[in-house]
>>> print(open('target19.txt').read())   # compact mmCIF, C-alpha atoms and all ligand atoms
# COMPACT_ATOMS: atom_id res chain seq x y z
CA MET Q 200 59.87 106.18 299.37
CA THR Q 201 57.57 108.01 296.96
CA THR Q 202 58.73 108.64 293.40
CA GLU Q 203 57.02 111.42 291.49
CA THR Q 204 56.76 111.71 287.71
CA LYS Q 205 54.87 114.02 285.41
CA PHE Q 206 53.29 112.94 282.11
CA ASP Q 207 51.05 114.51 279.47
CA ALA Q 208 48.54 111.69 279.97
CA ILE Q 209 48.03 108.86 282.42
CA ILE Q 210 45.97 105.97 281.06
CA ILE Q 211 44.54 103.46 283.53
CA GLY Q 212 43.69 100.08 281.98
CA ALA Q 213 45.91 98.31 279.43
CA GLY Q 214 43.13 96.51 277.60
CA ALA Q 215 42.04 97.12 274.03
CA ALA Q 216 41.00 100.76 274.49
CA GLY Q 217 43.85 101.77 276.79
CA LEU Q 218 46.53 100.23 274.55
CA MET Q 219 45.10 102.03 271.52
CA ALA Q 220 44.89 105.36 273.36
CA ALA Q 221 48.45 105.00 274.72
CA MET Q 222 49.86 104.07 271.30
CA THR Q 223 48.05 106.95 269.57
CA ALA Q 224 49.08 109.58 272.12
CA GLY Q 225 52.64 108.24 272.45
CA GLN Q 226 53.20 108.21 268.71
CA SER Q 227 51.99 111.80 268.47
CA GLY Q 228 54.80 112.83 270.79
CA LYS Q 229 52.96 112.87 274.13
CA ARG Q 230 54.57 111.56 277.30
CA VAL Q 231 52.25 108.74 278.31
CA LEU Q 232 52.02 106.44 281.31
CA LEU Q 233 49.95 103.25 280.95
CA LEU Q 234 48.95 101.54 284.21
CA ASP Q 235 47.22 98.22 284.88
CA HIS Q 236 46.76 96.13 287.97
CA ASN Q 237 47.18 92.94 285.90
CA ALA Q 238 50.77 91.83 285.42
CA GLU Q 239 50.25 91.56 281.65
CA PRO Q 240 48.28 93.77 279.22
CA GLY Q 241 45.32 92.76 277.06
CA ALA Q 242 43.92 89.81 279.05
CA LYS Q 243 40.59 89.91 277.20
CA ILE Q 244 42.18 90.32 273.80
CA LEU Q 245 44.17 87.15 274.47
CA ILE Q 246 41.09 85.00 275.14
CA SER Q 247 38.85 86.70 272.58
CA GLY Q 248 37.50 84.86 269.57
CA GLY Q 249 38.49 81.50 271.05
CA GLY Q 250 42.15 82.66 271.15
CA ARG Q 251 42.13 84.05 267.60
CA SER Q 252 40.50 87.41 268.44
CA ASN Q 253 37.58 88.62 266.37
CA PHE Q 254 39.43 91.94 266.26
CA THR Q 255 36.92 93.88 264.17
CA ASN Q 256 34.12 93.55 261.66
CA ARG Q 257 34.19 94.54 257.98
CA GLU Q 258 31.57 97.18 258.72
CA ALA Q 259 30.80 98.90 262.01
CA PRO Q 260 27.82 101.22 261.52
CA ALA Q 261 26.46 102.91 264.64
CA ASN Q 262 23.30 100.76 264.57
CA ARG Q 263 25.41 97.78 265.70
CA PHE Q 264 25.85 99.49 269.09
CA ILE Q 265 23.45 99.88 272.01
CA SER Q 266 23.58 103.11 273.99
CA GLY Q 267 21.28 105.55 275.77
CA ASN Q 268 22.25 107.89 272.93
CA PRO Q 269 22.47 105.88 269.69
CA HIS Q 270 24.20 108.82 267.94
CA PHE Q 271 27.05 109.17 270.44
CA ALA Q 272 29.37 106.54 268.95
CA LYS Q 273 29.10 107.89 265.39
CA SER Q 274 31.83 110.50 265.62
CA ALA Q 275 34.57 108.24 266.98
CA LEU Q 276 33.51 105.33 264.75
CA SER Q 277 33.69 107.53 261.67
CA ARG Q 278 37.19 108.75 262.49
CA TYR Q 279 38.67 105.32 263.19
CA LYS Q 280 37.09 102.69 260.95
CA PRO Q 281 37.52 98.93 260.65
CA ALA Q 282 39.66 99.66 257.55
CA ASP Q 283 42.08 101.63 259.74
CA PHE Q 284 42.56 98.72 262.12
CA ILE Q 285 42.84 96.26 259.22
CA ALA Q 286 45.56 98.48 257.71
CA LEU Q 287 47.42 98.45 261.05
CA VAL Q 288 47.17 94.65 261.27
CA ASP Q 289 48.37 94.37 257.65
CA ARG Q 290 51.34 96.67 258.30
CA HIS Q 291 52.40 94.27 261.05
CA GLY Q 292 52.11 91.29 258.70
CA ILE Q 293 49.39 89.62 260.79
CA ALA Q 294 47.45 87.17 258.62
CA TRP Q 295 43.68 87.18 259.11
CA HIS Q 296 40.52 85.70 257.66
CA GLU Q 297 36.84 86.57 257.47
CA LYS Q 298 34.24 84.29 259.02
CA THR Q 299 30.47 84.73 258.86
CA LEU Q 300 28.78 88.13 259.03
CA GLY Q 301 31.94 90.14 258.32
CA GLN Q 302 33.79 88.93 261.43
CA LEU Q 303 37.60 89.15 261.10
CA PHE Q 304 39.94 86.82 263.03
CA CYS Q 305 43.71 86.29 263.23
CA ASP Q 306 44.89 83.18 261.36
CA GLY Q 307 47.46 82.68 264.11
CA SER Q 308 46.69 83.90 267.60
CA ALA Q 309 45.24 86.83 269.54
CA GLN Q 310 48.70 87.30 271.06
CA GLN Q 311 49.69 88.91 267.75
CA ILE Q 312 47.23 91.76 268.37
CA VAL Q 313 48.58 92.41 271.87
CA THR Q 314 52.18 92.24 270.60
CA MET Q 315 51.32 94.70 267.83
CA LEU Q 316 49.73 97.21 270.22
CA MET Q 317 52.55 96.89 272.75
CA LYS Q 318 55.11 97.51 269.99
CA GLY Q 319 53.07 100.56 268.94
CA CYS Q 320 53.22 101.82 272.53
CA ARG Q 321 56.96 101.18 272.79
CA ASP Q 322 57.54 102.99 269.49
CA GLY Q 323 55.66 105.92 271.01
CA GLY Q 324 57.85 105.86 274.12
CA VAL Q 325 54.99 104.90 276.46
CA THR Q 326 56.00 104.14 280.07
CA PHE Q 327 54.38 101.04 281.57
CA ARG Q 328 53.44 100.20 285.14
CA PHE Q 329 51.76 96.79 285.20
CA GLY Q 330 50.94 94.63 288.19
CA THR Q 331 50.19 97.55 290.48
CA GLY Q 332 46.79 98.66 291.75
CA ILE Q 333 45.64 102.25 292.00
CA ALA Q 334 45.44 103.53 295.56
CA ALA Q 335 43.90 106.94 294.83
CA VAL Q 336 43.03 109.41 292.10
CA THR Q 337 42.70 113.08 292.96
CA ARG Q 338 42.50 116.28 290.97
CA GLN Q 339 44.36 119.43 291.91
CA SER Q 340 45.74 121.58 289.12
CA LEU Q 341 46.75 118.21 287.61
CA PHE Q 342 45.42 114.68 288.10
CA HIS Q 343 47.33 112.81 290.76
CA VAL Q 344 47.41 109.03 290.54
CA LYS Q 345 48.91 107.18 293.48
CA THR Q 346 49.70 103.50 293.03
CA GLU Q 347 49.55 100.81 295.70
CA SER Q 348 53.31 100.48 295.37
CA GLY Q 349 53.64 104.07 296.57
CA GLU Q 350 54.45 105.90 293.34
CA LEU Q 351 52.76 109.22 292.57
CA PHE Q 352 52.18 110.27 288.97
CA LYS Q 353 50.77 113.58 287.71
CA ALA Q 354 49.28 114.65 284.40
CA PRO Q 355 46.81 117.18 282.98
CA ASN Q 356 44.99 114.29 281.25
CA LEU Q 357 43.64 111.11 282.80
CA VAL Q 358 42.11 108.40 280.60
CA ILE Q 359 40.01 105.72 282.29
CA ALA Q 360 40.09 102.53 280.22
CA THR Q 361 39.36 99.92 282.86
CA GLY Q 362 36.43 98.32 281.00
CA GLY Q 363 33.27 96.88 282.53
CA LEU Q 364 32.41 94.20 285.07
CA SER Q 365 32.38 91.12 282.89
CA ILE Q 366 34.71 88.24 283.79
CA PRO Q 367 36.14 89.45 287.14
CA LYS Q 368 38.66 86.61 287.11
CA LEU Q 369 40.41 88.34 284.19
CA GLY Q 370 40.82 91.52 286.25
CA ALA Q 371 37.52 93.35 285.60
CA THR Q 372 36.54 95.82 288.32
CA GLY Q 373 34.10 98.68 288.78
CA PHE Q 374 37.01 101.16 288.90
CA ALA Q 375 35.65 103.36 286.07
CA TYR Q 376 32.30 103.63 287.83
CA ARG Q 377 33.96 104.62 291.09
CA ILE Q 378 35.90 107.38 289.31
CA ALA Q 379 32.66 108.54 287.65
CA GLU Q 380 31.02 108.71 291.06
CA GLN Q 381 34.01 110.55 292.53
CA PHE Q 382 33.71 113.22 289.82
CA ASP Q 383 29.89 113.34 289.91
CA LEU Q 384 29.35 111.92 286.43
CA PRO Q 385 26.05 110.18 285.68
CA MET Q 386 25.90 106.43 285.08
CA VAL Q 387 23.64 104.02 283.23
CA LYS Q 388 23.29 100.94 285.43
CA PRO Q 389 25.83 98.30 284.37
CA GLU Q 390 24.23 94.96 283.44
CA PRO Q 391 25.59 91.74 281.95
CA ALA Q 392 25.19 91.65 278.14
CA LEU Q 393 26.09 89.16 275.40
CA VAL Q 394 25.29 86.66 278.13
CA PRO Q 395 23.68 83.18 278.24
CA LEU Q 396 20.08 83.21 279.51
CA THR Q 397 18.75 81.06 282.33
CA PHE Q 398 15.22 79.65 282.62
CA ASP Q 399 13.08 77.85 285.14
CA ALA Q 400 9.91 75.77 284.75
CA PRO Q 401 8.12 75.17 282.45
CA ASP Q 402 10.89 75.63 279.84
CA LEU Q 403 13.97 74.44 281.70
CA PRO Q 404 13.33 70.65 281.67
CA LEU Q 405 13.05 70.69 277.87
CA MET Q 406 16.18 72.88 277.50
CA ARG Q 407 18.17 70.76 279.92
CA GLY Q 408 17.14 67.61 278.07
CA LEU Q 409 18.48 69.14 274.86
CA SER Q 410 21.69 70.46 276.44
CA GLY Q 411 24.44 70.63 273.84
CA THR Q 412 22.05 70.65 270.84
CA PRO Q 413 22.71 73.51 268.40
CA CYS Q 414 20.21 74.86 265.86
CA GLU Q 415 19.88 77.90 263.63
CA VAL Q 416 17.15 80.27 264.81
CA VAL Q 417 15.84 83.80 264.55
CA ALA Q 418 15.66 85.43 267.99
CA THR Q 419 13.47 88.56 268.14
CA ALA Q 420 12.85 91.18 270.83
CA GLY Q 421 11.05 94.29 269.62
CA LYS Q 422 12.97 95.57 266.59
CA ALA Q 423 16.08 93.53 267.41
CA ARG Q 424 16.29 90.39 265.28
CA PHE Q 425 19.21 87.97 264.98
CA ARG Q 426 19.49 84.94 262.70
CA GLU Q 427 22.33 82.90 264.12
CA ALA Q 428 23.02 79.66 266.00
CA MET Q 429 21.38 78.87 269.34
CA LEU Q 430 22.58 76.29 271.83
CA PHE Q 431 20.57 74.54 274.55
CA THR Q 432 22.41 74.40 277.89
CA HIS Q 433 21.75 72.76 281.24
CA ARG Q 434 20.65 76.16 282.58
CA GLY Q 435 18.80 77.46 279.53
CA LEU Q 436 19.99 78.92 276.23
CA SER Q 437 23.23 80.22 274.78
CA GLY Q 438 24.89 80.58 271.36
CA PRO Q 439 25.32 83.73 269.26
CA ALA Q 440 21.59 84.38 268.63
CA ILE Q 441 20.88 84.28 272.37
CA LEU Q 442 23.93 86.33 273.37
CA GLN Q 443 22.88 88.99 270.83
CA ILE Q 444 19.27 89.16 271.99
CA SER Q 445 20.34 89.20 275.66
CA SER Q 446 21.79 92.69 275.17
CA TYR Q 447 18.28 93.98 274.37
CA LEU Q 448 16.39 92.38 277.26
CA ARG Q 449 15.54 94.00 280.59
CA PRO Q 450 14.65 91.79 283.57
CA GLY Q 451 11.21 90.25 282.99
CA ASP Q 452 11.20 90.90 279.22
CA SER Q 453 10.13 88.15 276.81
CA PHE Q 454 11.47 87.36 273.36
CA THR Q 455 10.56 84.92 270.62
CA VAL Q 456 12.53 82.22 268.89
CA ASP Q 457 11.80 80.93 265.39
CA LEU Q 458 13.24 77.44 265.27
CA LEU Q 459 12.62 77.14 261.53
CA PRO Q 460 13.86 80.39 259.98
CA GLY Q 461 12.93 81.01 256.38
CA ALA Q 462 10.34 78.20 256.29
CA ASN Q 463 6.63 77.88 257.05
CA ALA Q 464 6.19 75.14 259.65
CA ARG Q 465 2.38 75.10 259.39
CA GLU Q 466 2.35 74.64 255.63
CA ALA Q 467 5.08 72.01 255.85
CA LEU Q 468 3.15 69.97 258.43
CA LEU Q 469 -0.16 70.30 256.54
CA ALA Q 470 1.58 69.19 253.32
CA THR Q 471 3.01 66.12 255.08
CA LYS Q 472 -0.45 65.35 256.50
CA ARG Q 473 -1.86 65.30 252.96
CA THR Q 474 0.91 63.39 251.26
CA ARG Q 475 2.13 61.00 253.99
CA PRO Q 476 -0.65 60.72 256.60
CA ARG Q 477 0.76 57.57 258.22
CA ILE Q 478 4.05 58.97 259.50
CA ALA Q 479 4.34 60.03 263.13
CA LEU Q 480 4.06 63.70 263.94
CA ARG Q 481 7.51 63.72 265.55
CA THR Q 482 8.99 62.12 262.44
CA ALA Q 483 7.41 64.81 260.28
CA LEU Q 484 8.82 67.49 262.57
CA ALA Q 485 12.27 65.87 262.62
CA GLU Q 486 12.45 66.42 258.85
CA HIS Q 487 12.79 70.14 259.66
CA LEU Q 488 14.42 70.29 263.11
CA PRO Q 489 17.28 68.50 264.89
CA GLN Q 490 15.82 65.14 265.90
CA ARG Q 491 16.26 65.64 269.65
CA LEU Q 492 14.44 68.95 269.44
CA ALA Q 493 11.61 67.56 267.30
CA HIS Q 494 11.17 64.69 269.71
CA ALA Q 495 11.08 67.06 272.66
CA LEU Q 496 8.43 69.25 271.02
CA ALA Q 497 6.29 66.28 269.94
CA PRO Q 498 6.71 63.58 272.59
CA GLU Q 499 5.73 60.11 271.41
CA GLU Q 500 2.75 59.58 273.67
CA GLN Q 501 1.06 62.69 272.32
CA ALA Q 502 1.90 61.88 268.76
CA PRO Q 503 -0.57 59.86 266.72
CA PRO Q 504 0.15 59.63 262.96
CA ILE Q 505 0.06 63.06 261.42
CA GLY Q 506 -3.01 62.09 259.36
CA GLU Q 507 -5.01 61.74 262.59
CA THR Q 508 -3.82 65.05 264.03
CA SER Q 509 -6.24 67.96 263.68
CA ASP Q 510 -5.17 71.03 261.69
CA LYS Q 511 -5.65 73.04 264.88
CA VAL Q 512 -3.12 70.94 266.78
CA LEU Q 513 -0.70 71.17 263.84
CA SER Q 514 -1.12 74.97 263.75
CA ALA Q 515 -0.46 75.21 267.48
CA LEU Q 516 2.67 73.08 267.12
CA ALA Q 517 3.82 75.18 264.15
CA GLU Q 518 3.29 78.33 266.20
CA ARG Q 519 5.40 76.88 269.00
CA VAL Q 520 8.12 76.09 266.48
CA GLN Q 521 8.12 79.51 264.85
CA GLN Q 522 7.03 81.86 267.62
CA TRP Q 523 8.32 80.21 270.74
CA ARG Q 524 7.77 82.90 273.36
CA LEU Q 525 10.26 82.77 276.19
CA THR Q 526 10.77 84.74 279.38
CA PRO Q 527 14.20 84.16 280.92
CA GLU Q 528 14.44 83.81 284.67
CA GLY Q 529 17.78 85.66 284.51
CA THR Q 530 21.24 85.52 282.99
CA GLU Q 531 24.45 83.73 283.81
CA GLY Q 532 25.70 87.08 285.13
CA PHE Q 533 29.00 88.93 284.88
CA ALA Q 534 30.97 85.71 285.36
CA LYS Q 535 29.86 84.58 281.88
CA ALA Q 536 28.88 87.86 280.17
CA GLU Q 537 31.08 88.82 277.24
CA VAL Q 538 30.47 92.51 277.90
CA THR Q 539 28.80 95.00 280.22
CA ARG Q 540 25.88 97.07 278.96
CA GLY Q 541 25.54 100.54 280.52
CA GLY Q 542 28.39 102.45 282.14
CA ILE Q 543 29.39 106.11 282.05
CA ASP Q 544 26.42 108.04 280.65
CA THR Q 545 27.40 109.42 277.25
CA ALA Q 546 25.54 112.65 278.08
CA ALA Q 547 28.50 113.54 280.30
CA LEU Q 548 31.12 113.01 277.57
CA SER Q 549 32.24 114.73 274.38
CA SER Q 550 31.62 112.37 271.46
CA GLN Q 551 34.65 113.92 269.69
CA THR Q 552 37.23 113.42 272.42
CA MET Q 553 35.59 111.18 275.07
CA GLU Q 554 36.45 113.89 277.62
CA ALA Q 555 34.07 114.60 280.49
CA LYS Q 556 32.28 117.87 279.69
CA ASP Q 557 32.50 119.08 283.29
CA VAL Q 558 35.92 117.70 284.22
CA PRO Q 559 38.55 118.96 281.76
CA GLY Q 560 41.23 116.34 281.05
CA LEU Q 561 39.24 113.35 282.36
CA HIS Q 562 38.42 110.84 279.59
CA PHE Q 563 36.51 107.55 279.55
CA ILE Q 564 36.91 105.04 276.73
CA GLY Q 565 36.01 101.49 275.71
CA GLU Q 566 33.59 99.28 277.55
CA ALA Q 567 33.47 101.59 280.59
CA VAL Q 568 31.26 103.89 278.51
CA ASP Q 569 27.56 103.27 277.84
CA VAL Q 570 28.23 101.97 274.32
CA THR Q 571 27.83 98.22 273.82
CA GLY Q 572 28.48 96.48 270.54
CA TRP Q 573 26.86 93.43 269.04
CA LEU Q 574 28.75 90.18 269.01
CA GLY Q 575 31.10 90.02 266.02
CA GLY Q 576 34.12 92.29 266.55
CA TYR Q 577 32.10 95.43 267.29
CA ASN Q 578 33.20 95.79 270.91
CA PHE Q 579 36.85 95.84 269.91
CA GLN Q 580 36.06 98.31 267.13
CA TRP Q 581 34.50 100.59 269.75
CA ALA Q 582 37.58 100.14 271.97
CA TRP Q 583 39.90 101.03 269.04
CA ALA Q 584 37.78 104.00 267.91
CA SER Q 585 37.17 105.52 271.35
CA GLY Q 586 40.80 104.87 272.31
CA PHE Q 587 41.98 106.61 269.16
CA ALA Q 588 39.69 109.61 269.82
CA ALA Q 589 41.02 110.05 273.36
CA GLY Q 590 44.61 109.35 272.29
CA GLN Q 591 44.40 112.18 269.77
CA SER Q 592 42.78 114.53 272.27
CA VAL Q 593 45.15 114.26 275.25
P1 LIG B 1 39.29 95.62 278.83
O1 LIG B 1 38.46 94.82 279.76
O2 LIG B 1 39.84 94.98 277.62
O3 LIG B 1 40.53 96.23 279.62
C1 LIG B 1 40.40 96.82 280.89
C2 LIG B 1 41.77 96.80 281.55
O4 LIG B 1 41.67 97.53 282.75
C3 LIG B 1 42.22 95.39 281.91
O5 LIG B 1 43.54 95.20 281.47
C4 LIG B 1 42.13 95.36 283.44
O6 LIG B 1 43.11 94.56 284.04
C5 LIG B 1 42.32 96.84 283.79
N1 LIG B 1 41.70 97.18 285.06
C6 LIG B 1 40.44 96.92 285.47
N2 LIG B 1 40.26 97.40 286.70
C7 LIG B 1 41.43 98.00 287.09
C8 LIG B 1 41.83 98.66 288.25
N3 LIG B 1 41.01 98.80 289.30
N4 LIG B 1 43.10 99.12 288.31
C9 LIG B 1 43.96 98.96 287.26
N5 LIG B 1 43.61 98.34 286.12
C10 LIG B 1 42.35 97.85 286.04
N6 LIG B 1 34.97 91.67 271.59
C11 LIG B 1 35.17 91.63 270.25
O7 LIG B 1 35.00 92.66 269.59
N7 LIG B 1 35.58 90.48 269.64
C12 LIG B 1 35.79 89.32 270.32
O8 LIG B 1 36.23 88.30 269.76
C13 LIG B 1 35.53 89.32 271.72
N8 LIG B 1 35.65 88.19 272.45
C14 LIG B 1 35.46 88.22 273.81
C15 LIG B 1 35.57 87.04 274.54
C16 LIG B 1 35.39 87.06 275.92
C17 LIG B 1 35.47 85.77 276.69
C18 LIG B 1 35.10 88.28 276.57
C19 LIG B 1 34.93 88.35 278.06
C20 LIG B 1 34.95 89.45 275.83
C21 LIG B 1 35.12 89.43 274.45
N9 LIG B 1 34.96 90.59 273.69
C22 LIG B 1 35.15 90.53 272.33
C23 LIG B 1 34.67 91.88 274.33
C24 LIG B 1 35.97 92.70 274.43
O9 LIG B 1 36.96 91.87 275.02
C25 LIG B 1 35.76 93.94 275.30
O10 LIG B 1 34.64 94.66 274.89
C26 LIG B 1 37.01 94.83 275.22
O11 LIG B 1 38.11 94.10 275.71
C27 LIG B 1 36.82 96.10 276.02
O12 LIG B 1 38.03 96.80 275.97
P2 LIG B 1 38.41 97.79 277.16
O13 LIG B 1 39.81 98.21 276.87
O14 LIG B 1 37.37 98.81 277.34
O15 LIG B 1 38.40 96.89 278.48
>>> encode(input="target19.txt", output="structure tokens", more="lines below")
Ligand code: FDA
Amino acid sequence: MTTETKFDAIIIGAGAAGLMAAMTAGQSGKRVLLLDHNAEPGAKILISGGGRSNFTNREAPANRFISGNPHFAKSALSRYKPADFIALVDRHGIAWHEKTLGQLFCDGSAQQIVTMLMKGCRDGGVTFRFGTGIAAVTRQSLFHVKTESGELFKAPNLVIATGGLSIPKLGATGFAYRIAEQFDLPMVKPEPALVPLTFDAPDLPLMRGLSGTPCEVVATAGKARFREAMLFTHRGLSGPAILQISSYLRPGDSFTVDLLPGANAREALLATKRTRPRIALRTALAEHLPQRLAHALAPEEQAPPIGETSDKVLSALAERVQQWRLTPEGTEGFAKAEVTRGGIDTAALSSQTMEAKDVPGLHFIGEAVDVTGWLGGYNFQWAWASGFAAGQSV
């Protein structure tokens, strides 16, 4: 039997953006339905930040976001700031702390963020339908959403908050992209971002041999530059610096890694050559780099005492240390990507309301949209801000 219910807004996707949109619209008196095919809301919030959720950053200027239109995110970000989310968290008595680079985490657990948003939705009278897939979306005078359990819901506003493709095992699907296609909206090709990079020969054997070794680096690609930790893995490179730079790379692009940020490797090696000519080159290098890495870069058999090593060889080694040029073979893909770059082309959306310019009432928010934040709480801030914008508009 088919039940039929009318709402002011139907929101598909009970992740960060959908929960925020539902809470905002519900609390402003709108009749809201929030649907998700997962049995529980906020799967990604729950695992974020190692279970403590890096729920925002102290500052979220638009230059921390990648988009075909770097100005698009400004409007929503300026109307719902990190301070607004911090105030919400504080009102709910959730204790938090700041880590490096302005990143804010719960002291307790990410569950507190989901509980807070669900309470906000309940206070706003939001109706939930979790654990049911969407069979069809059509538009007549209203949007019609038919669930796989046979219910039919109608509303003048439909908000698509189903996120991107990263981590399918948590429920990620290309639903938003299919709706965009159905309504003839343009797309920017979705690609894995904030993702570990994979390499093949000649770099992989060295990386594999160092698997598990962390070091602080500067990773640079064009104007993008990140000074953070890097981790060698059995397939290549990971760690925050690498995840950050991955969002800026297209297939085949190269980037450089400075393994000795803030220092001058050439001068340091030349100084050691003058003052302590008898020590081995690898020993000299290990004074500046993790030992396993220094030994990999200066293998014993090629390493006479530093005093017998020509300045040219030292310069070449220093260049390798500070301008290590790397071309990834690929990435670890959507299975390991923290986010999806690309998505619904912002040209098709209002930056004020997130509504499709050519399809009145249809909104896209969160990661489904071609706005991708840096690592560090920015993706949630975009989810909160875009969710708030749509929640106010419906
Ligand atoms: P989100 O993916 O959160 O929600 C989409 C919802 O739609 C899900 O509930 C899903 O089940 C539902 N859905 C999908 N397809 C559907 C369909 N066909 N039918 C019905 N429902 C459907 N960011 C950050 O700022 N700080 C952090 O600490 C982290 N940490 C982190 C760790 C890991 C491991 C990952 C994978 C990601 C992060 N992120 C993060 C990124 C952050 O989680 C992400 O950007 C936001 O959750 C995006 O919010 P959305 O609401 O847009 O999508």
>>> residues_around(input="target19.txt", residues="segment 232-238 of chain Q", least_positions_apart="3", cutoff="6 Å", atoms="only C-alpha atoms", output="ChimeraX atom specification")
/Q:209-213,325-332
>>> write_last_selection(input="target19.txt", atoms="C-alpha atoms", output="PDB file, in the frame of the given file")
ATOM      1  CA  ILE Q 209      48.030 108.860 282.420  1.00  0.00           C
ATOM      2  CA  ILE Q 210      45.970 105.970 281.060  1.00  0.00           C
ATOM      3  CA  ILE Q 211      44.540 103.460 283.530  1.00  0.00           C
ATOM      4  CA  GLY Q 212      43.690 100.080 281.980  1.00  0.00           C
ATOM      5  CA  ALA Q 213      45.910  98.310 279.430  1.00  0.00           C
ATOM      6  CA  VAL Q 325      54.990 104.900 276.460  1.00  0.00           C
ATOM      7  CA  THR Q 326      56.000 104.140 280.070  1.00  0.00           C
ATOM      8  CA  PHE Q 327      54.380 101.040 281.570  1.00  0.00           C
ATOM      9  CA  ARG Q 328      53.440 100.200 285.140  1.00  0.00           C
ATOM     10  CA  PHE Q 329      51.760  96.790 285.200  1.00  0.00           C
ATOM     11  CA  GLY Q 330      50.940  94.630 288.190  1.00  0.00           C
ATOM     12  CA  THR Q 331      50.190  97.550 290.480  1.00  0.00           C
ATOM     13  CA  GLY Q 332      46.790  98.660 291.750  1.00  0.00           C
TER      14      GLY Q 332
END
>>> closest_atom_pairs(input="target19.txt", of="chain Q", to="ligand LIG 1 (chain B)", cutoff="7 Å", atoms="all atoms listed in the file", output="CSV")
residue,atom,partner,partner_atom,distance
Q:Ile211,CA,B:LIG1,N5,5.8
Q:Gly212,CA,B:LIG1,O4,3.3
Q:Ala213,CA,B:LIG1,O5,4.4
Q:Gly214,CA,B:LIG1,O3,3.3
Q:Ala215,CA,B:LIG1,O13,3.8
Q:Ala216,CA,B:LIG1,O13,3.7
Q:Gly217,CA,B:LIG1,O13,5.4
Q:Leu234,CA,B:LIG1,C9,6.4
Q:Asp235,CA,B:LIG1,N5,3.8
Q:His236,CA,B:LIG1,C9,4.0
Q:Asn237,CA,B:LIG1,O6,4.8
Q:Pro240,CA,B:LIG1,O5,5.4
Q:Gly241,CA,B:LIG1,O5,5.3
Q:Ala242,CA,B:LIG1,O5,5.9
Q:Lys243,CA,B:LIG1,O9,4.7
Q:Ile244,CA,B:LIG1,O9,5.6
Q:Ile246,CA,B:LIG1,C17,5.9
Q:Ser247,CA,B:LIG1,N8,3.5
Q:Gly248,CA,B:LIG1,O8,3.7
Q:Ser252,CA,B:LIG1,O8,4.6
Q:Asn253,CA,B:LIG1,O8,3.7
Q:Phe254,CA,B:LIG1,N7,5.3
Q:Thr255,CA,B:LIG1,O7,5.9
Q:Gly332,CA,B:LIG1,N4,5.1
Q:Ile333,CA,B:LIG1,N4,5.5
Q:Ala360,CA,B:LIG1,O14,5.4
Q:Thr361,CA,B:LIG1,O4,3.3
Q:Gly362,CA,B:LIG1,O15,3.5
Q:Gly363,CA,B:LIG1,O1,6.2
Q:Ser365,CA,B:LIG1,C19,6.1
Q:Ile366,CA,B:LIG1,C19,5.7
Q:Leu369,CA,B:LIG1,O6,6.8
Q:Gly370,CA,B:LIG1,O6,4.4
Q:Ala371,CA,B:LIG1,C6,4.6
Q:Thr372,CA,B:LIG1,N2,4.4
Q:Gly373,CA,B:LIG1,N2,6.6
Q:Phe374,CA,B:LIG1,N3,4.7
Q:Ala536,CA,B:LIG1,C19,6.4
Q:Glu537,CA,B:LIG1,C19,4.0
Q:Val538,CA,B:LIG1,C23,5.5
Q:Ile564,CA,B:LIG1,O14,6.3
Q:Gly565,CA,B:LIG1,O14,3.4
Q:Glu566,CA,B:LIG1,O14,3.8
Q:Ala567,CA,B:LIG1,O14,5.8
Q:Leu574,CA,B:LIG1,C11,6.7
Q:Gly575,CA,B:LIG1,N7,5.8
Q:Gly576,CA,B:LIG1,O7,3.2
Q:Tyr577,CA,B:LIG1,O7,4.6
Q:Asn578,CA,B:LIG1,O7,3.8
Q:Phe579,CA,B:LIG1,O7,3.7
Q:Gln580,CA,B:LIG1,O7,6.3
Q:Ala582,CA,B:LIG1,O12,5.2
>>> atom_distance(input="target19.txt", atom1="atom CA of Ile444 of chain Q", atom2="atom CA of Thr571 of chain Q")
12.6 Å
>>> atom_distance(input="target19.txt", atom1="atom CA of Lys273 of chain Q", atom2="atom CA of Ala589 of chain Q")
14.5 Å
>>> closest_residue(input="target19.txt", among="Q:Gln302, Q:Ser514, Q:Asn356, Q:Ser348", to="Val593 of chain Q", atoms="all atoms listed in the file")
Q:Asn356
>>> closest_residue(input="target19.txt", among="Q:Trp573, Q:Ile265, Q:Thr412, Q:Arg407", to="Phe425 of chain Q", atoms="all atoms listed in the file")
Q:Trp573
>>> closest_residue(input="target19.txt", among="Q:Gly590, Q:Gly560, Q:Pro391, Q:Gly435", to="Ala534 of chain Q", atoms="only C-alpha atoms")
Q:Pro391
>>> closest_residue(input="target19.txt", among="Q:Thr474, Q:Phe587, Q:Val558, Q:Cys414", to="Ser340 of chain Q", atoms="all atoms listed in the file")
Q:Val558
>>> atom_distance(input="target19.txt", atom1="atom CA of Ile359 of chain Q", atom2="atom CA of Leu561 of chain Q")
7.7 Å
>>> closest_residue(input="target19.txt", among="Q:Arg477, Q:Arg434, Q:Lys422, Q:Arg540", to="Pro395 of chain Q", atoms="only C-alpha atoms")
Q:Arg434
>>> closest_residue(input="target19.txt", among="Q:Phe304, Q:Leu396, Q:Phe382, Q:Val231", to="Phe533 of chain Q", atoms="only C-alpha atoms")
Q:Leu396
>>> axis_aligned_box(input="target19.txt", around="segment 479-495 of chain Q", padding_each_side="3 Å", output="JSON")
{"center_x": 10.7, "center_y": 65.2, "center_z": 265.8, "size_x": 19.2, "size_y": 16.3, "size_z": 19.8}
>>> residues_near_point(input="target19.txt", point="(45.2, 119.5, 288.2)", cutoff="12 Å", atoms="only C-alpha atoms", output="list of chain:residue names")
Q:Lys205, Q:Asp207, Q:Ala208, Q:Val336, Q:Thr337, Q:Arg338, Q:Gln339, Q:Ser340, Q:Leu341, Q:Phe342, Q:His343, Q:Val344, Q:Phe352, Q:Lys353, Q:Ala354, Q:Pro355, Q:Asn356, Q:Leu357, Q:Val558, Q:Pro559, Q:Gly560, Q:Leu561
